[in-house]
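Reproduced below: upload.txt, with compact mmCIF, N, CA and C atoms.
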```
# COMPACT_ATOMS: atom_id res chain seq x y z
N THR A 1160 5.46 -40.75 26.88
CA THR A 1160 5.44 -39.31 26.68
C THR A 1160 4.33 -38.62 27.44
N ASN A 1161 3.22 -39.30 27.70
CA ASN A 1161 2.08 -38.61 28.31
C ASN A 1161 2.34 -38.17 29.75
N SER A 1162 3.38 -38.68 30.42
CA SER A 1162 3.69 -38.24 31.78
C SER A 1162 4.78 -37.17 31.81
N TRP A 1163 5.38 -36.85 30.69
CA TRP A 1163 6.49 -35.89 30.64
C TRP A 1163 6.14 -34.53 31.24
N PRO A 1164 4.95 -33.95 31.03
CA PRO A 1164 4.66 -32.62 31.58
C PRO A 1164 4.53 -32.57 33.10
N THR A 1165 4.38 -33.71 33.76
CA THR A 1165 4.17 -33.74 35.21
C THR A 1165 5.28 -33.00 35.94
N GLY A 1166 4.86 -32.04 36.77
CA GLY A 1166 5.82 -31.28 37.56
C GLY A 1166 6.46 -30.11 36.83
N LYS A 1167 6.13 -29.92 35.56
CA LYS A 1167 6.68 -28.81 34.79
C LYS A 1167 5.63 -27.71 34.66
N ARG A 1168 6.09 -26.46 34.53
CA ARG A 1168 5.18 -25.33 34.38
C ARG A 1168 5.37 -24.73 33.00
N PHE A 1169 4.25 -24.43 32.35
CA PHE A 1169 4.28 -23.85 31.01
C PHE A 1169 3.40 -22.62 30.99
N LYS A 1170 3.73 -21.71 30.08
CA LYS A 1170 2.89 -20.54 29.90
C LYS A 1170 2.61 -20.37 28.41
N ALA A 1171 1.51 -19.68 28.11
CA ALA A 1171 1.17 -19.40 26.72
C ALA A 1171 2.36 -18.71 26.06
N GLY A 1172 2.70 -19.15 24.86
CA GLY A 1172 3.84 -18.60 24.14
C GLY A 1172 5.09 -19.44 24.25
N ASP A 1173 5.15 -20.34 25.24
CA ASP A 1173 6.28 -21.26 25.32
C ASP A 1173 6.29 -22.13 24.06
N VAL A 1174 7.48 -22.58 23.68
CA VAL A 1174 7.62 -23.39 22.47
C VAL A 1174 8.05 -24.81 22.86
N LEU A 1175 7.24 -25.78 22.45
CA LEU A 1175 7.63 -27.19 22.61
C LEU A 1175 8.36 -27.62 21.35
N VAL A 1176 9.41 -28.41 21.52
CA VAL A 1176 10.13 -28.95 20.38
C VAL A 1176 9.94 -30.46 20.40
N PHE A 1177 9.35 -30.97 19.34
CA PHE A 1177 9.13 -32.42 19.20
C PHE A 1177 10.24 -32.95 18.30
N LYS A 1178 11.06 -33.86 18.83
CA LYS A 1178 12.12 -34.49 18.04
C LYS A 1178 11.81 -35.97 17.93
N TYR A 1179 11.75 -36.45 16.69
CA TYR A 1179 11.36 -37.84 16.44
C TYR A 1179 11.80 -38.25 15.04
N ASP A 1180 11.71 -39.54 14.76
CA ASP A 1180 12.03 -40.08 13.44
C ASP A 1180 10.83 -39.80 12.53
N ALA A 1181 10.98 -38.86 11.61
CA ALA A 1181 9.88 -38.45 10.74
C ALA A 1181 9.45 -39.54 9.77
N THR A 1182 10.24 -40.58 9.59
CA THR A 1182 9.81 -41.67 8.72
C THR A 1182 8.88 -42.64 9.45
N ALA A 1183 8.78 -42.49 10.79
CA ALA A 1183 7.99 -43.44 11.57
C ALA A 1183 6.90 -42.80 12.41
N HIS A 1184 6.92 -41.47 12.56
CA HIS A 1184 5.98 -40.80 13.44
C HIS A 1184 5.54 -39.46 12.86
N ASP A 1185 4.54 -38.86 13.52
CA ASP A 1185 4.15 -37.48 13.25
C ASP A 1185 3.61 -36.90 14.55
N VAL A 1186 3.25 -35.64 14.52
CA VAL A 1186 2.64 -34.97 15.67
C VAL A 1186 1.40 -34.26 15.13
N VAL A 1187 0.26 -34.53 15.77
CA VAL A 1187 -1.00 -33.92 15.35
C VAL A 1187 -1.61 -33.19 16.54
N ALA A 1188 -1.95 -31.92 16.34
CA ALA A 1188 -2.65 -31.15 17.37
C ALA A 1188 -4.12 -31.57 17.31
N VAL A 1189 -4.68 -31.97 18.45
CA VAL A 1189 -6.06 -32.46 18.50
C VAL A 1189 -6.82 -31.80 19.65
N SER A 1190 -8.12 -32.03 19.65
CA SER A 1190 -8.98 -31.58 20.75
C SER A 1190 -8.87 -32.55 21.92
N ALA A 1191 -9.51 -32.19 23.03
CA ALA A 1191 -9.54 -33.09 24.18
C ALA A 1191 -10.17 -34.43 23.80
N ALA A 1192 -11.24 -34.38 23.00
CA ALA A 1192 -11.90 -35.61 22.57
C ALA A 1192 -10.98 -36.44 21.68
N GLY A 1193 -10.25 -35.78 20.78
CA GLY A 1193 -9.31 -36.48 19.92
C GLY A 1193 -8.18 -37.11 20.70
N TYR A 1194 -7.75 -36.42 21.75
CA TYR A 1194 -6.70 -36.94 22.63
C TYR A 1194 -7.19 -38.20 23.34
N LYS A 1195 -8.38 -38.11 23.91
CA LYS A 1195 -8.93 -39.24 24.66
C LYS A 1195 -9.15 -40.46 23.75
N ALA A 1196 -9.66 -40.20 22.53
CA ALA A 1196 -9.98 -41.29 21.60
C ALA A 1196 -8.80 -41.67 20.70
N CYS A 1197 -7.69 -40.93 20.80
CA CYS A 1197 -6.56 -41.15 19.87
C CYS A 1197 -7.03 -41.05 18.43
N ALA A 1198 -7.77 -39.98 18.15
CA ALA A 1198 -8.35 -39.81 16.82
C ALA A 1198 -7.95 -38.48 16.20
N LYS A 1199 -7.45 -38.55 14.99
CA LYS A 1199 -7.10 -37.36 14.23
C LYS A 1199 -8.36 -36.85 13.53
N PRO A 1200 -8.62 -35.54 13.56
CA PRO A 1200 -9.81 -35.02 12.85
C PRO A 1200 -9.75 -35.37 11.36
N ALA A 1201 -10.92 -35.54 10.77
CA ALA A 1201 -11.00 -35.90 9.34
C ALA A 1201 -10.37 -34.83 8.47
N ASN A 1202 -10.52 -33.56 8.86
CA ASN A 1202 -9.89 -32.48 8.10
C ASN A 1202 -9.61 -31.30 9.02
N GLY A 1203 -8.72 -30.45 8.59
CA GLY A 1203 -8.41 -29.25 9.36
C GLY A 1203 -7.41 -29.43 10.49
N ALA A 1204 -6.89 -30.63 10.68
CA ALA A 1204 -5.92 -30.84 11.77
C ALA A 1204 -4.56 -30.28 11.38
N LYS A 1205 -3.85 -29.73 12.35
CA LYS A 1205 -2.48 -29.29 12.14
C LYS A 1205 -1.59 -30.51 12.35
N VAL A 1206 -0.94 -30.95 11.27
CA VAL A 1206 -0.09 -32.14 11.31
C VAL A 1206 1.36 -31.70 11.09
N TYR A 1207 2.22 -32.11 11.99
CA TYR A 1207 3.64 -31.80 11.90
C TYR A 1207 4.37 -33.07 11.50
N LYS A 1208 5.32 -32.94 10.56
CA LYS A 1208 5.99 -34.13 10.02
C LYS A 1208 7.48 -33.97 9.83
N SER A 1209 8.09 -32.90 10.38
CA SER A 1209 9.50 -32.63 10.09
C SER A 1209 10.46 -33.48 10.91
N GLY A 1210 10.01 -33.95 12.08
CA GLY A 1210 10.91 -34.66 12.98
C GLY A 1210 11.61 -33.73 13.94
N ALA A 1211 11.43 -32.42 13.76
CA ALA A 1211 12.00 -31.41 14.66
C ALA A 1211 11.04 -30.22 14.67
N ASP A 1212 9.83 -30.47 15.12
CA ASP A 1212 8.76 -29.48 15.05
C ASP A 1212 8.79 -28.56 16.26
N ARG A 1213 8.54 -27.27 16.02
CA ARG A 1213 8.45 -26.26 17.07
C ARG A 1213 7.00 -25.79 17.12
N VAL A 1214 6.36 -26.00 18.28
CA VAL A 1214 4.95 -25.68 18.43
C VAL A 1214 4.79 -24.69 19.58
N THR A 1215 4.17 -23.53 19.29
CA THR A 1215 3.93 -22.52 20.31
C THR A 1215 2.65 -22.85 21.05
N LEU A 1216 2.74 -22.91 22.36
CA LEU A 1216 1.58 -23.28 23.18
C LEU A 1216 0.59 -22.13 23.30
N ALA A 1217 -0.68 -22.48 23.22
CA ALA A 1217 -1.77 -21.54 23.47
C ALA A 1217 -2.17 -21.66 24.94
N ARG A 1218 -2.84 -20.64 25.46
CA ARG A 1218 -3.33 -20.70 26.84
C ARG A 1218 -4.34 -21.84 26.96
N GLY A 1219 -4.26 -22.59 28.04
CA GLY A 1219 -5.15 -23.73 28.26
C GLY A 1219 -4.41 -25.02 27.99
N THR A 1220 -5.15 -26.08 27.79
CA THR A 1220 -4.52 -27.39 27.55
C THR A 1220 -4.35 -27.62 26.06
N ASN A 1221 -3.15 -27.97 25.68
CA ASN A 1221 -2.77 -28.26 24.30
C ASN A 1221 -2.58 -29.77 24.20
N TYR A 1222 -3.25 -30.39 23.24
CA TYR A 1222 -3.22 -31.85 23.09
C TYR A 1222 -2.53 -32.24 21.80
N PHE A 1223 -1.66 -33.26 21.88
CA PHE A 1223 -0.94 -33.75 20.71
C PHE A 1223 -0.91 -35.27 20.73
N ILE A 1224 -1.03 -35.86 19.55
CA ILE A 1224 -0.93 -37.32 19.41
C ILE A 1224 -0.04 -37.66 18.22
N CYS A 1225 0.43 -38.89 18.18
CA CYS A 1225 1.02 -39.46 16.97
C CYS A 1225 -0.12 -40.19 16.28
N SER A 1226 -0.34 -39.87 14.98
CA SER A 1226 -1.49 -40.47 14.29
C SER A 1226 -1.17 -41.76 13.56
N ILE A 1227 0.06 -42.25 13.68
CA ILE A 1227 0.40 -43.54 13.07
C ILE A 1227 -0.38 -44.62 13.83
N PRO A 1228 -1.07 -45.51 13.11
CA PRO A 1228 -1.92 -46.50 13.77
C PRO A 1228 -1.22 -47.25 14.92
N GLY A 1229 -1.88 -47.23 16.08
CA GLY A 1229 -1.40 -47.94 17.26
C GLY A 1229 -0.46 -47.14 18.15
N HIS A 1230 0.13 -46.08 17.62
CA HIS A 1230 1.12 -45.34 18.41
C HIS A 1230 0.49 -44.58 19.57
N CYS A 1231 -0.56 -43.81 19.31
CA CYS A 1231 -1.23 -43.06 20.38
C CYS A 1231 -1.76 -44.04 21.44
N GLN A 1232 -2.36 -45.11 20.99
CA GLN A 1232 -2.91 -46.11 21.92
C GLN A 1232 -1.82 -46.71 22.80
N SER A 1233 -0.57 -46.68 22.32
CA SER A 1233 0.56 -47.20 23.09
C SER A 1233 1.20 -46.12 23.96
N GLY A 1234 0.60 -44.92 23.99
CA GLY A 1234 1.09 -43.88 24.88
C GLY A 1234 1.78 -42.72 24.20
N MET A 1235 1.85 -42.70 22.87
CA MET A 1235 2.51 -41.58 22.18
C MET A 1235 1.53 -40.42 22.03
N LYS A 1236 1.25 -39.78 23.16
CA LYS A 1236 0.39 -38.61 23.19
C LYS A 1236 0.80 -37.77 24.38
N ILE A 1237 0.48 -36.47 24.30
CA ILE A 1237 0.88 -35.58 25.37
C ILE A 1237 -0.13 -34.45 25.48
N ALA A 1238 -0.45 -34.09 26.72
CA ALA A 1238 -1.32 -32.95 27.01
C ALA A 1238 -0.51 -31.99 27.86
N VAL A 1239 -0.39 -30.73 27.41
CA VAL A 1239 0.39 -29.73 28.11
C VAL A 1239 -0.50 -28.53 28.39
N THR A 1240 -0.59 -28.16 29.65
CA THR A 1240 -1.43 -27.02 30.04
C THR A 1240 -0.54 -25.79 30.24
N ALA A 1241 -0.89 -24.73 29.53
CA ALA A 1241 -0.15 -23.48 29.60
C ALA A 1241 -0.99 -22.41 30.31
N ALA A 1242 -0.39 -21.74 31.28
CA ALA A 1242 -1.08 -20.69 32.03
C ALA A 1242 -1.15 -19.42 31.21
```
Rewritten as structure tokens:
Amino acid sequence: TNSWPTGKRFKAGDVLVFKYDATAHDVVAVSAAGYKACAKPANGAKVYKSGADRVTLARGTNYFICSIPGHCQSGMKIAVTAA
């Protein structure tokens, strides 16, 4: 998933739709440091768990990971930059 944005253009206000098996995964909005370390903040993180999440992009780079142990480390993370 981390290579999916390559070659695509996004702007602030665009909506990403995350479709996944909600019994096995989640989507967590994280900081750049959280993305690099595959770490979910101890508190205050926006966690999506529906399996069909709609996330509106903010200007700049938006970082998302799966917080299920081992998943982010295996590549289940994405960084999307919106103009």
Worksheet entry | Two-atom distance - CA of Asp1212 in chain A, CA of Val1176 in chain A (Å) | 5.5 Å
Fill in: Option closest in space to Ala1242 in chain A, from A:Ala1201, A:Ala1183, A:Ala1171, A:Ala1211 [counting all atoms listed in the file]
A:Ala1171
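In this structure, CA of Pro1228 in chain A sits 26.5 Å away from CA of Val1174 in chain A.
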Worksheet item: Using only C-alpha atoms, which of A:Lys1236, A:His1184, A:Lys1170, A:His1230 sits nearest Tyr1207 in chain A?
Response: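 Checking each candidate against Tyr1207 in chain A, we get A:His1184 as the closest.
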According to DSSP computed on the backbone, where in chain A is there strand (DSSP E)? Give the residues as a short mmCIF file (atom, residue, chain, number, x, y, z; two decimals) with N, CA and C atoms, keeping the file's coordinate frame.
```cif
data_model
loop_
_atom_site.label_atom_id
_atom_site.label_comp_id
_atom_site.auth_asym_id
_atom_site.auth_seq_id
_atom_site.Cartn_x
_atom_site.Cartn_y
_atom_site.Cartn_z
N VAL A 1174 7.48 -22.58 23.68
CA VAL A 1174 7.62 -23.39 22.47
C VAL A 1174 8.05 -24.81 22.86
N LEU A 1175 7.24 -25.78 22.45
CA LEU A 1175 7.63 -27.19 22.61
C LEU A 1175 8.36 -27.62 21.35
N VAL A 1176 9.41 -28.41 21.52
CA VAL A 1176 10.13 -28.95 20.38
C VAL A 1176 9.94 -30.46 20.40
N PHE A 1177 9.35 -30.97 19.34
CA PHE A 1177 9.13 -32.42 19.20
C PHE A 1177 10.24 -32.95 18.30
N LYS A 1178 11.06 -33.86 18.83
CA LYS A 1178 12.12 -34.49 18.04
C LYS A 1178 11.81 -35.97 17.93
N VAL A 1186 3.25 -35.64 14.52
CA VAL A 1186 2.64 -34.97 15.67
C VAL A 1186 1.40 -34.26 15.13
N VAL A 1187 0.26 -34.53 15.77
CA VAL A 1187 -1.00 -33.92 15.35
C VAL A 1187 -1.61 -33.19 16.54
N ALA A 1188 -1.95 -31.92 16.34
CA ALA A 1188 -2.65 -31.15 17.37
C ALA A 1188 -4.12 -31.57 17.31
N VAL A 1189 -4.68 -31.97 18.45
CA VAL A 1189 -6.06 -32.46 18.50
C VAL A 1189 -6.82 -31.80 19.65
N LYS A 1205 -3.85 -29.73 12.35
CA LYS A 1205 -2.48 -29.29 12.14
C LYS A 1205 -1.59 -30.51 12.35
N VAL A 1206 -0.94 -30.95 11.27
CA VAL A 1206 -0.09 -32.14 11.31
C VAL A 1206 1.36 -31.70 11.09
N TYR A 1207 2.22 -32.11 11.99
CA TYR A 1207 3.64 -31.80 11.90
C TYR A 1207 4.37 -33.07 11.50
N ALA A 1211 11.43 -32.42 13.76
CA ALA A 1211 12.00 -31.41 14.66
C ALA A 1211 11.04 -30.22 14.67
N ASP A 1212 9.83 -30.47 15.12
CA ASP A 1212 8.76 -29.48 15.05
C ASP A 1212 8.79 -28.56 16.26
N ARG A 1213 8.54 -27.27 16.02
CA ARG A 1213 8.45 -26.26 17.07
C ARG A 1213 7.00 -25.79 17.12
N VAL A 1214 6.36 -26.00 18.28
CA VAL A 1214 4.95 -25.68 18.43
C VAL A 1214 4.79 -24.69 19.58
N THR A 1215 4.17 -23.53 19.29
CA THR A 1215 3.93 -22.52 20.31
C THR A 1215 2.65 -22.85 21.05
N GLY A 1219 -4.26 -22.59 28.04
CA GLY A 1219 -5.15 -23.73 28.26
C GLY A 1219 -4.41 -25.02 27.99
N THR A 1220 -5.15 -26.08 27.79
CA THR A 1220 -4.52 -27.39 27.55
C THR A 1220 -4.35 -27.62 26.06
N ASN A 1221 -3.15 -27.97 25.68
CA ASN A 1221 -2.77 -28.26 24.30
C ASN A 1221 -2.58 -29.77 24.20
N TYR A 1222 -3.25 -30.39 23.24
CA TYR A 1222 -3.22 -31.85 23.09
C TYR A 1222 -2.53 -32.24 21.80
N PHE A 1223 -1.66 -33.26 21.88
CA PHE A 1223 -0.94 -33.75 20.71
C PHE A 1223 -0.91 -35.27 20.73
N ILE A 1224 -1.03 -35.86 19.55
CA ILE A 1224 -0.93 -37.32 19.41
C ILE A 1224 -0.04 -37.66 18.22
N LYS A 1236 1.25 -39.78 23.16
CA LYS A 1236 0.39 -38.61 23.19
C LYS A 1236 0.80 -37.77 24.38
N ILE A 1237 0.48 -36.47 24.30
CA ILE A 1237 0.88 -35.58 25.37
C ILE A 1237 -0.13 -34.45 25.48
N ALA A 1238 -0.45 -34.09 26.72
CA ALA A 1238 -1.32 -32.95 27.01
C ALA A 1238 -0.51 -31.99 27.86
N VAL A 1239 -0.39 -30.73 27.41
CA VAL A 1239 0.39 -29.73 28.11
C VAL A 1239 -0.50 -28.53 28.39
N THR A 1240 -0.59 -28.16 29.65
CA THR A 1240 -1.43 -27.02 30.04
C THR A 1240 -0.54 -25.79 30.24
N ALA A 1241 -0.89 -24.73 29.53
CA ALA A 1241 -0.15 -23.48 29.60
C ALA A 1241 -0.99 -22.41 30.31
#
```
Discussion item. As JSON, numbers by chain, please: the residues near Thr1182 in chain A (cut-off 8 Å, only N, CA and C atoms, same-chain neighbours under 6 positions excluded).
Written reply: {"A": [1208, 1209, 1210]}
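The shortest atom-to-atom distance to Gly1219 in chain A, with all atoms listed in the file taken into account, belongs to A:Ala1241 out of A:Cys1231, A:Ala1241, A:Ala1192, A:Leu1175.
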Discussion item. Taking all atoms listed in the file into account, name the residue in A:Tyr1222, A:Ile1227, A:Gln1232, A:Ser1162 that is nearest to Ala1196 in chain A.
Written reply: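 Going through A:Tyr1222, A:Ile1227, A:Gln1232, A:Ser1162 one by one, the smallest distance to Ala1196 in chain A is for A:Gln1232.
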Worksheet item: Using only N, CA and C atoms, which of A:Thr1165, A:Thr1220, A:Thr1240, A:Ser1233 sits nearest Ser1190 in chain A?
Response: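 Checking each candidate against Ser1190 in chain A, we get A:Thr1220 as the closest.
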Discussion item. Would you compute the distance between CA of Ile1237 in chain A and CA of Ala1204 in chain A? Give it in Å to one decimal.
Written reply: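 Computing it gives 15.9 Å between the two atoms.
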Item to complete: Using DSSP on the backbone, list every residue of range 1176-1228 of chain A that comes out as alpha helix (DSSP H), and give them as a list in words.
Response: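 Going through range 1176-1228 of chain A, the alpha helix (DSSP H) residues come out as Ala1191, Ala1192, Gly1193, Tyr1194, Lys1195 and Ala1196 of chain A.
Every residue within 7 Å of the file position (-6.0, -41.8, 18.4), judged by all atoms listed in the file, is given as Gly1193, Tyr1194, Lys1195, Ala1196, Cys1197, Ala1198, Lys1199, Ile1224, Cys1225, Ser1226, Cys1231 and Gln1232 of chain A.
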Worksheet item: Using only N, CA and C atoms, which of A:Arg1168, A:Ala1188, A:Asn1161, A:Phe1177 sits nearest Gly1234 in chain A?
Response: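 Between A:Arg1168, A:Ala1188, A:Asn1161, A:Phe1177, the residue approaching Gly1234 in chain A most closely is A:Asn1161.
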